[in-house]
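Colleague: Enclosed is the structure file run.cif (mmCIF, C-alpha atoms).
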data_final
#
loop_
_atom_site.label_atom_id
_atom_site.label_comp_id
_atom_site.auth_asym_id
_atom_site.auth_seq_id
_atom_site.Cartn_x
_atom_site.Cartn_y
_atom_site.Cartn_z
CA MET A 258 0.00 0.00 0.00
CA ALA A 259 1.38 3.37 -0.93
CA SER A 260 1.38 5.24 2.35
CA THR A 261 1.86 8.93 2.08
CA SER A 262 4.13 9.31 5.09
CA GLY A 263 6.93 7.13 6.30
CA SER A 264 6.59 7.21 10.05
CA ALA A 265 6.10 3.90 11.76
CA ALA A 266 3.08 5.06 13.68
CA VAL A 267 1.25 5.98 10.53
CA GLU A 268 2.12 2.67 8.93
CA GLU A 269 0.78 0.81 11.91
CA ARG A 270 -2.38 2.83 11.94
CA GLY A 271 -2.74 2.20 8.23
CA ARG A 272 -2.55 -1.54 8.82
CA SER A 273 -5.17 -1.50 11.52
CA GLU A 274 -7.29 0.74 9.31
CA ARG A 275 -7.24 -1.85 6.58
CA LYS A 276 -8.12 -4.63 9.00
CA ARG A 277 -11.04 -2.72 10.36
CA LYS A 278 -12.10 -1.53 6.95
CA ARG A 279 -13.05 -5.07 6.03
CA GLY A 280 -15.48 -5.32 8.85
CA ALA A 281 -16.95 -1.92 9.31
CA THR A 282 -17.36 -0.33 5.94
CA GLY A 283 -17.27 -3.33 3.64
CA GLU A 284 -15.47 -1.50 0.87
CA HIS A 285 -14.23 -3.47 -2.10
CA GLY A 286 -10.78 -2.23 -1.23
CA GLU A 287 -9.39 -0.50 -4.21
CA GLY A 288 -8.38 2.59 -2.25
CA THR A 289 -4.71 3.33 -2.42
CA GLU A 290 -4.79 5.42 0.72
CA ALA A 291 -6.16 4.26 4.02
CA GLU A 292 -9.06 6.25 5.27
CA PRO A 293 -9.11 8.93 6.50
CA TYR A 294 -5.66 9.80 5.22
CA LYS A 295 -7.08 10.08 1.75
CA TRP A 296 -8.37 13.48 2.79
CA ARG A 297 -4.90 14.72 3.54
CA THR A 298 -3.31 14.21 0.15
CA ARG A 299 -2.35 17.16 -1.98
CA ARG A 300 -4.26 15.68 -4.89
CA VAL A 301 -7.64 15.57 -3.20
CA HIS A 302 -7.07 19.07 -1.89
CA GLU A 303 -6.46 20.32 -5.42
CA ILE A 304 -9.41 18.42 -6.82
CA TYR A 305 -11.69 19.82 -4.17
CA SER A 306 -10.36 23.37 -4.51
CA SER A 307 -11.06 23.29 -8.21
CA LYS A 308 -14.57 21.93 -7.70
CA LEU A 309 -15.16 24.48 -4.98
CA LEU A 310 -14.14 27.34 -7.22
CA ASP A 311 -16.49 26.14 -9.95
CA ALA A 312 -19.32 25.66 -7.49
CA ILE A 313 -19.16 29.10 -5.96
CA ARG A 314 -18.78 30.72 -9.34
CA LEU A 315 -22.04 29.04 -10.26
CA VAL A 316 -23.61 30.46 -7.13
CA ARG A 317 -22.44 33.89 -8.08
CA SER A 318 -23.70 33.70 -11.62
CA GLY A 319 -26.94 32.21 -10.36
CA SER A 320 -27.88 35.25 -8.36
CA PRO A 321 -26.24 38.42 -9.64
CA SER A 322 -29.40 40.48 -9.48
CA ALA A 323 -30.88 38.81 -6.43
CA SER A 324 -29.58 41.41 -4.04
CA SER A 325 -32.54 43.72 -3.79
CA SER A 326 -31.36 45.91 -0.95
CA SER A 327 -28.15 47.83 -1.05
CA ALA A 328 -26.70 45.95 1.87
CA ALA A 329 -22.95 45.79 1.88
CA ALA A 330 -22.80 42.47 3.71
CA ALA A 331 -23.60 39.18 2.03
CA SER A 332 -27.25 38.26 2.05
CA PRO A 333 -27.90 35.09 4.09
CA PRO A 334 -29.31 33.10 1.15
CA ARG A 335 -26.07 33.53 -0.71
CA SER A 336 -23.86 32.36 2.13
CA ARG A 337 -26.12 29.36 2.59
CA ALA A 338 -25.88 28.68 -1.13
CA VAL A 339 -22.10 28.83 -0.86
CA ARG A 340 -22.16 26.47 2.10
CA GLU A 341 -24.36 23.99 0.30
CA ALA A 342 -22.29 24.18 -2.86
CA ALA A 343 -19.14 23.57 -0.81
CA ASP A 344 -20.77 20.60 0.88
CA ARG A 345 -21.87 19.15 -2.42
CA ALA A 346 -18.39 19.55 -3.87
CA LEU A 347 -17.05 17.81 -0.79
CA ALA A 348 -19.53 14.97 -1.21
CA VAL A 349 -18.55 14.57 -4.84
CA SER A 350 -14.90 14.41 -3.87
CA ALA A 351 -15.75 11.47 -1.64
CA ARG A 352 -16.53 9.48 -4.79
CA GLY A 353 -19.65 7.90 -3.41
CA ARG A 354 -17.88 5.63 -0.99
CA THR A 355 -19.36 6.97 2.20
CA ARG A 356 -22.89 7.21 3.43
CA TRP A 357 -22.63 10.86 4.47
CA SER A 358 -21.51 11.92 1.00
CA ARG A 359 -24.32 10.02 -0.68
CA ALA A 360 -26.80 11.52 1.78
CA ILE A 361 -25.69 15.08 0.97
CA LEU A 362 -26.08 14.54 -2.74
CA ALA A 363 -29.35 12.66 -2.37
CA SER A 364 -30.97 15.35 -0.25
CA HIS A 365 -29.89 17.99 -2.73
CA ARG A 366 -31.37 15.98 -5.59
CA ARG A 367 -34.63 15.55 -3.70
CA ARG A 368 -34.86 19.26 -3.09
CA ILE A 369 -34.26 20.07 -6.74
CA GLN A 370 -36.85 17.54 -7.83
CA ALA A 371 -39.36 18.86 -5.34
CA ALA A 372 -38.82 22.41 -6.51
CA ARG A 373 -39.20 21.31 -10.09
CA ARG A 374 -42.40 19.46 -9.32
CA ALA A 375 -43.73 22.45 -7.41
CA ARG A 376 -43.04 24.71 -10.34
CA LEU A 377 -44.71 22.35 -12.76
CA ARG A 378 -47.83 21.83 -10.68
CA ASP A 379 -47.91 25.38 -9.38
CA ARG A 380 -48.29 24.09 -5.87
CA THR A 381 -46.13 24.63 -2.80
CA SER A 382 -45.15 21.05 -2.09
CA SER A 383 -42.33 20.99 0.37
CA SER A 384 -41.25 17.38 0.25
CA LEU A 385 -38.33 17.96 2.55
CA SER A 386 -39.99 15.63 5.01
CA SER A 387 -37.73 12.79 5.91
CA ARG A 388 -38.08 10.06 3.37
CA ARG A 389 -34.66 8.54 3.63
CA PRO A 390 -33.94 5.68 1.23
CA PHE A 391 -31.65 3.92 3.71
CA SER A 392 -33.89 4.07 6.72
CA SER A 393 -34.70 0.44 6.09
CA SER A 394 -31.38 -0.70 7.54
CA ALA A 395 -32.08 -2.19 10.92
CA SER A 396 -30.49 -0.39 13.81
CA SER A 397 -29.33 -3.58 15.43
CA GLY A 398 -25.98 -4.24 16.99
CA LYS A 399 -26.18 -1.91 19.95
CA GLY A 400 -24.66 -4.69 22.00
CA SER A 401 -24.06 -3.84 25.60
CA LYS A 402 -23.76 -0.07 25.22
CA THR A 403 -24.60 1.95 28.24
CA PRO A 404 -27.45 4.44 27.92
CA ALA A 405 -25.02 7.37 28.06
CA LEU A 406 -23.09 6.03 25.11
CA ALA A 407 -26.29 5.32 23.23
CA ARG A 408 -27.47 8.89 23.77
CA LYS A 409 -24.20 10.37 22.57
CA ALA A 410 -24.21 8.03 19.60
CA LYS A 411 -27.63 9.30 18.66
CA VAL A 412 -26.44 12.90 18.80
CA LEU A 413 -23.48 11.97 16.66
CA GLY A 414 -25.79 10.25 14.21
CA ARG A 415 -27.74 13.45 13.82
CA LEU A 416 -24.61 15.48 13.15
CA VAL A 417 -23.29 13.31 10.37
CA PRO A 418 -25.56 13.50 7.32
CA GLY A 419 -27.54 10.39 6.59
CA CYS A 420 -26.38 8.42 9.60
CA ARG A 421 -29.27 8.60 12.02
CA LYS A 422 -30.13 4.93 12.07
CA LEU A 423 -26.69 3.51 11.55
CA PRO A 424 -25.35 0.86 13.89
CA PHE A 425 -22.54 1.94 16.12
CA PRO A 426 -19.43 0.69 14.27
CA ALA A 427 -20.58 2.00 10.91
CA LEU A 428 -21.51 5.30 12.54
CA LEU A 429 -18.02 5.72 13.98
CA ALA A 430 -16.45 4.87 10.65
CA GLU A 431 -18.64 7.43 8.88
CA ALA A 432 -17.92 10.02 11.55
CA SER A 433 -14.16 9.60 11.27
CA ASP A 434 -14.26 9.96 7.50
CA TYR A 435 -16.62 12.91 7.80
CA ILE A 436 -14.32 14.68 10.26
CA ALA A 437 -11.32 14.23 7.98
CA ALA A 438 -13.33 15.53 5.03
CA LEU A 439 -14.56 18.54 7.00
CA GLU A 440 -11.01 19.40 8.02
CA MET A 441 -9.98 19.38 4.38
CA GLN A 442 -12.99 21.50 3.51
CA VAL A 443 -11.93 24.09 6.08
CA ARG A 444 -8.37 24.10 4.78
CA ALA A 445 -9.48 24.50 1.17
CA MET A 446 -12.07 27.20 1.86
CA THR A 447 -9.60 29.13 3.98
CA ALA A 448 -7.02 29.00 1.21
CA LEU A 449 -9.59 30.10 -1.35
CA ALA A 450 -10.70 32.98 0.83
CA GLU A 451 -7.10 34.10 1.22
CA VAL A 452 -6.50 33.96 -2.52
CA LEU A 453 -9.73 35.79 -3.31
CA SER A 454 -9.10 38.52 -0.78
CA THR A 455 -5.58 38.98 -2.09
CA VAL A 456 -6.80 39.13 -5.67
CA SER A 457 -9.63 41.51 -4.95
CA ALA A 458 -7.41 43.71 -2.81
CA SER A 459 -4.80 43.98 -5.52
CA SER A 460 -7.33 44.56 -8.26
CA SER A 461 -9.17 47.26 -6.35
CA GLY A 462 -5.83 48.86 -5.51
CA GLY A 463 -5.26 49.18 -9.21
CA GLY A 464 -1.91 47.42 -9.17
CA SER A 465 -1.06 45.15 -12.03
CA GLY A 466 1.22 42.48 -10.69
CA SER A 467 2.57 44.65 -7.97
CA SER A 468 1.47 42.51 -5.07
CA SER A 469 3.35 39.25 -5.23
CA PRO A 470 5.15 38.36 -2.01
CA ALA A 471 7.80 35.96 -3.26
CA MET B 176 -26.48 -3.26 -0.14
CA SER B 177 -22.86 -3.55 0.79
CA SER B 178 -23.59 -2.32 4.32
CA ARG B 179 -25.87 -5.28 5.01
CA ARG B 180 -23.25 -7.64 3.73
CA SER B 181 -20.54 -6.17 5.87
CA ARG B 182 -22.68 -6.30 8.97
CA SER B 183 -23.25 -10.03 8.69
CA ARG B 184 -19.59 -10.49 7.99
CA GLN B 185 -18.39 -8.84 11.13
CA SER B 186 -20.26 -10.90 13.73
CA GLY B 187 -22.65 -13.75 13.39
CA SER B 188 -25.10 -12.66 16.04
CA SER B 189 -24.81 -8.95 15.07
CA ARG B 190 -23.84 -8.17 18.63
CA ILE B 191 -20.97 -5.78 19.18
CA THR B 192 -18.53 -6.59 21.94
CA ASP B 193 -17.31 -3.97 24.34
CA GLU B 194 -13.84 -4.52 23.04
CA GLN B 195 -14.91 -3.69 19.51
CA ILE B 196 -16.61 -0.57 20.76
CA SER B 197 -13.61 0.64 22.72
CA ASP B 198 -11.44 -0.21 19.74
CA LEU B 199 -13.47 1.98 17.43
CA VAL B 200 -13.72 4.72 20.02
CA SER B 201 -9.96 4.85 20.46
CA LYS B 202 -9.58 5.08 16.71
CA LEU B 203 -11.96 8.03 16.76
CA GLN B 204 -10.03 9.56 19.61
CA ASP B 205 -6.93 9.61 17.48
CA LEU B 206 -8.69 11.89 15.05
CA LEU B 207 -9.59 14.53 17.58
CA PRO B 208 -7.17 17.39 17.84
CA GLU B 209 -4.74 17.21 20.71
CA ALA B 210 -6.18 20.26 22.40
CA ARG B 211 -9.51 18.56 22.92
CA LEU B 212 -8.40 15.33 24.38
CA ARG B 213 -5.09 14.32 25.79
CA SER B 214 -4.74 10.74 24.68
CA ASN B 215 -4.27 8.88 27.91
CA ASP B 216 -5.80 5.51 28.59
CA ARG B 217 -8.44 6.52 31.02
CA VAL B 218 -10.68 8.57 28.79
CA PRO B 219 -14.19 7.17 28.89
CA SER B 220 -15.90 6.41 25.63
CA SER B 221 -18.74 8.77 26.34
CA ARG B 222 -16.24 11.60 26.71
CA VAL B 223 -14.72 10.76 23.34
CA LEU B 224 -18.14 10.74 21.72
CA GLN B 225 -18.98 14.04 23.35
CA GLU B 226 -15.77 15.61 22.12
CA THR B 227 -16.40 14.21 18.67
CA CYS B 228 -19.80 15.84 18.54
CA ASN B 229 -18.35 19.13 19.77
CA TYR B 230 -15.59 18.96 17.23
CA ILE B 231 -17.97 18.30 14.35
CA ARG B 232 -20.14 21.17 15.47
CA SER B 233 -17.17 23.51 15.60
CA LEU B 234 -16.08 22.40 12.15
CA HIS B 235 -19.59 23.13 10.87
CA ARG B 236 -19.38 26.59 12.39
CA GLU B 237 -16.05 27.19 10.75
CA VAL B 238 -17.44 26.15 7.39
CA ASP B 239 -20.41 28.46 7.88
CA ASP B 240 -18.16 31.40 8.71
CA LEU B 241 -15.97 30.65 5.72
CA SER B 242 -19.04 30.42 3.49
CA GLU B 243 -20.12 33.82 4.63
CA ARG B 244 -16.68 35.23 4.03
CA LEU B 245 -16.53 33.67 0.59
CA SER B 246 -19.96 34.98 -0.35
CA GLU B 247 -18.90 38.47 0.69
CA LEU B 248 -15.76 38.18 -1.39
CA LEU B 249 -17.81 36.93 -4.32
CA ALA B 250 -20.24 39.79 -4.06
CA SER B 251 -17.52 42.37 -4.21
CA SER B 252 -15.59 41.00 -7.14
CA ASP B 253 -16.42 40.07 -10.65
CA MET B 254 -14.59 37.07 -11.92
CA SER B 255 -13.73 36.56 -15.54
CA SER B 256 -12.69 33.14 -16.68
CA ALA B 257 -9.13 34.39 -17.01
CA GLN B 258 -9.17 35.44 -13.37
CA ALA B 259 -10.63 32.08 -12.44
CA ALA B 260 -7.75 30.34 -14.18
CA ILE B 261 -5.29 32.47 -12.25
CA ILE B 262 -7.05 31.75 -8.99
CA ARG B 263 -7.09 28.06 -9.78
CA SER B 264 -3.39 28.02 -10.41
CA LEU B 265 -2.78 29.93 -7.18
CA LEU B 266 -4.67 27.25 -5.27
CA MET B 267 -2.62 24.38 -6.67
#
Once you've parsed the file, please lay out its structure as structure tokens.
Modeller:
Amino acid sequence: MASTSGSAAVEERGRSERKRKRGATGEHGEGTEAEPYKWRTRRVHEIYSSKLLDAIRLVRSGSPSASSSSAAAASPPRSRAVREAADRALAVSARGRTRWSRAILASHRRRIQAARRARLRDRTSSSLSSRRPFSSSASSGKGSKTPALARKAKVLGRLVPGCRKLPFPALLAEASDYIAALEMQVRAMTALAEVLSTVSASSSGGGSGSSSPA
Amino acid sequence: MSSRRSRSRQSGSSRITDEQISDLVSKLQDLLPEARLRSNDRVPSSRVLQETCNYIRSLHREVDDLSERLSELLASSDMSSAQAAIIRSLLM
């Protein structure tokens, strides 16, 4: 397995990851990186940054004349649109291997379809009510968990998209992948914000290529 | 679905042992940032789960703040495709 770092601790963790991967997530293991280290590679960061840039450009072009008032700050709908676009790009970068990523994309699709149907029928049908396709999976396997653990597991299941009725081991696996993905999302969005603020600062300052800290 | 298959594969009676649980919880603990949880042996699982939830919530907040910042930056700047190419190369 091509591990990205050479330290012994990481290697060992990678081995135990692979062992546990067989049981918990049932992936047909083609992944070259152990999870969740796949979220730390330069490649996935670049892929996501590119998708993110495309996504938020779409958001911008989607609502150029939506700002009715002359407010200087960003209108809340737009920041929510950016957030959702970023989440969707993140889910796409997961390549459909995790439940949380599929849940994000599925809920977005449902919302689009509902809006389309509402427009066609000229009715206000808000079908955002929970109709999860994977709610059929039995929530067995609690084992001998104490009530406190069960409560916290339920809270965790609500935080990770699409994982409310997941049994405990799968929930933890999803949560660990989700955390790694979120960390990458934060890194990429921060970098993009830095770049954009630098670019807009230099362009409003009127300098052409005068602001390049080597 | 692959999840159903994997569940039957991991234990015949679909009962999770305490050892498996603490195993998974310690793996989760490794992911939490050092500031939240000093990794000594006597951290109870419920504490790890609690810190995990807190950490996810704080990450969500960060993403929300960044989304707001990005939407402000978007509102104030027009972006031609040439500028987008430059930005893309700056991100790589």
Colleague: A:Arg378, A:Ser459, A:Lys411, A:Arg317: which is nearest chain B, counting all atoms listed in the file?
Modeller: A:Arg317
Colleague: Running the PyMOL selection byres ((chain B and resi 222) around 10) on this model by hand, what would come out? Give it as a ChimeraX atom specification.
Modeller: /A:405-406,409 /B:200,204,212,218-221,223-228
Colleague: I'd like to know which of B:Glu209, B:Arg236, B:Met267, B:Ala257 is closest to chain A, using all atoms listed in the file.
Modeller: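 Nearest to chain A: B:Met267.
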Colleague: On this file, the PyMOL selection byres ((chain B and resi 232) around 12) gives some set of residues; write that set as a PyMOL selection string.
Modeller: (chain A and resi 412-413+415-417+435-436+439-440) or (chain B and resi 225-231+233-239)
Colleague: Next, the residues of the selection above should be written as a PDB file, keeping the file's coordinate frame with C-alpha atoms.
Modeller:
ATOM      1  CA  VAL A 412     -26.440  12.900  18.800  1.00  0.00           C
ATOM      2  CA  LEU A 413     -23.480  11.970  16.660  1.00  0.00           C
ATOM      3  CA  ARG A 415     -27.740  13.450  13.820  1.00  0.00           C
ATOM      4  CA  LEU A 416     -24.610  15.480  13.150  1.00  0.00           C
ATOM      5  CA  VAL A 417     -23.290  13.310  10.370  1.00  0.00           C
ATOM      6  CA  TYR A 435     -16.620  12.910   7.800  1.00  0.00           C
ATOM      7  CA  ILE A 436     -14.320  14.680  10.260  1.00  0.00           C
ATOM      8  CA  LEU A 439     -14.560  18.540   7.000  1.00  0.00           C
ATOM      9  CA  GLU A 440     -11.010  19.400   8.020  1.00  0.00           C
TER      10      GLU A 440
ATOM     11  CA  GLN B 225     -18.980  14.040  23.350  1.00  0.00           C
ATOM     12  CA  GLU B 226     -15.770  15.610  22.120  1.00  0.00           C
ATOM     13  CA  THR B 227     -16.400  14.210  18.670  1.00  0.00           C
ATOM     14  CA  CYS B 228     -19.800  15.840  18.540  1.00  0.00           C
ATOM     15  CA  ASN B 229     -18.350  19.130  19.770  1.00  0.00           C
ATOM     16  CA  TYR B 230     -15.590  18.960  17.230  1.00  0.00           C
ATOM     17  CA  ILE B 231     -17.970  18.300  14.350  1.00  0.00           C
ATOM     18  CA  SER B 233     -17.170  23.510  15.600  1.00  0.00           C
ATOM     19  CA  LEU B 234     -16.080  22.400  12.150  1.00  0.00           C
ATOM     20  CA  HIS B 235     -19.590  23.130  10.870  1.00  0.00           C
ATOM     21  CA  ARG B 236     -19.380  26.590  12.390  1.00  0.00           C
ATOM     22  CA  GLU B 237     -16.050  27.190  10.750  1.00  0.00           C
ATOM     23  CA  VAL B 238     -17.440  26.150   7.390  1.00  0.00           C
ATOM     24  CA  ASP B 239     -20.410  28.460   7.880  1.00  0.00           C
TER      25      ASP B 239
END
Colleague: If the PyMOL selection byres ((chain B and resi 264) around 12) is run on the structure shown, which residues does it catch, given as an mmCIF file with C-alpha atoms, in the coordinates of the input?
Modeller:
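Dumped to expr.cif:
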data_model
loop_
_atom_site.group_PDB
_atom_site.id
_atom_site.type_symbol
_atom_site.label_atom_id
_atom_site.label_comp_id
_atom_site.auth_asym_id
_atom_site.auth_seq_id
_atom_site.Cartn_x
_atom_site.Cartn_y
_atom_site.Cartn_z
ATOM 1 C CA GLU A 303 -6.460 20.320 -5.420
ATOM 2 C CA ILE A 304 -9.410 18.420 -6.820
ATOM 3 C CA SER A 306 -10.360 23.370 -4.510
ATOM 4 C CA SER A 307 -11.060 23.290 -8.210
ATOM 5 C CA LEU A 310 -14.140 27.340 -7.220
ATOM 6 C CA LEU A 449 -9.590 30.100 -1.350
ATOM 7 C CA VAL A 452 -6.500 33.960 -2.520
ATOM 8 C CA ALA B 257 -9.130 34.390 -17.010
ATOM 9 C CA GLN B 258 -9.170 35.440 -13.370
ATOM 10 C CA ALA B 259 -10.630 32.080 -12.440
ATOM 11 C CA ALA B 260 -7.750 30.340 -14.180
ATOM 12 C CA ILE B 261 -5.290 32.470 -12.250
ATOM 13 C CA ILE B 262 -7.050 31.750 -8.990
ATOM 14 C CA ARG B 263 -7.090 28.060 -9.780
ATOM 15 C CA LEU B 265 -2.780 29.930 -7.180
ATOM 16 C CA LEU B 266 -4.670 27.250 -5.270
ATOM 17 C CA MET B 267 -2.620 24.380 -6.670
#
Colleague: Find the residue from B:Ser255, B:Asp205, B:Glu247, B:Ser242 that sits nearest to Val339 of chain A; use all atoms listed in the file when measuring.
Modeller: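 When distances to Val339 of chain A are compared using all atoms listed in the file, the smallest one comes from B:Ser242.
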Colleague: Mind giving me the straight-line distance from atom CA of Arg421 of chain A to atom CA of Thr355 of chain A in Å, one decimal?
Modeller: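 If I compute the distance from atom CA of Arg421 of chain A to atom CA of Thr355 of chain A, I get 14.0 Å.
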Colleague: What does the structure give for the distance between atom CA of Ala348 of chain A and atom CA of Val301 of chain A, in Å to one decimal?
Modeller: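 Between atom CA of Ala348 of chain A and atom CA of Val301 of chain A the gap works out to 12.1 Å.
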Colleague: Distance atom CA of Leu429 of chain A-atom CA of Asp344 of chain A, one decimal place?
Modeller: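 Calculated distance between atom CA of Leu429 of chain A and atom CA of Asp344 of chain A is 20.0 Å.
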Colleague: Which is closer to chain B than all the others in A:Gln370, A:Ser364, A:Leu309, A:Ala351, using all atoms listed in the file?
Modeller: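 Looking only at the distances to chain B, the closest residue turns out to be A:Leu309.
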Colleague: Which of these, B:Ser246, B:Asp198, B:Pro208, B:Ser256, has the shortest distance to chain A once you count all atoms listed in the file?
Modeller: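 Using all atoms listed in the file, chain A sits closest to B:Ser246.
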Colleague: Given only C-alpha atoms as the basis, pick out the residue of A:Ser350, A:Arg299, A:Ser318, A:Ser433 nearest to Leu206 of chain B.
Modeller: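 Result for the nearest residue to Leu206 of chain B: A:Ser433.
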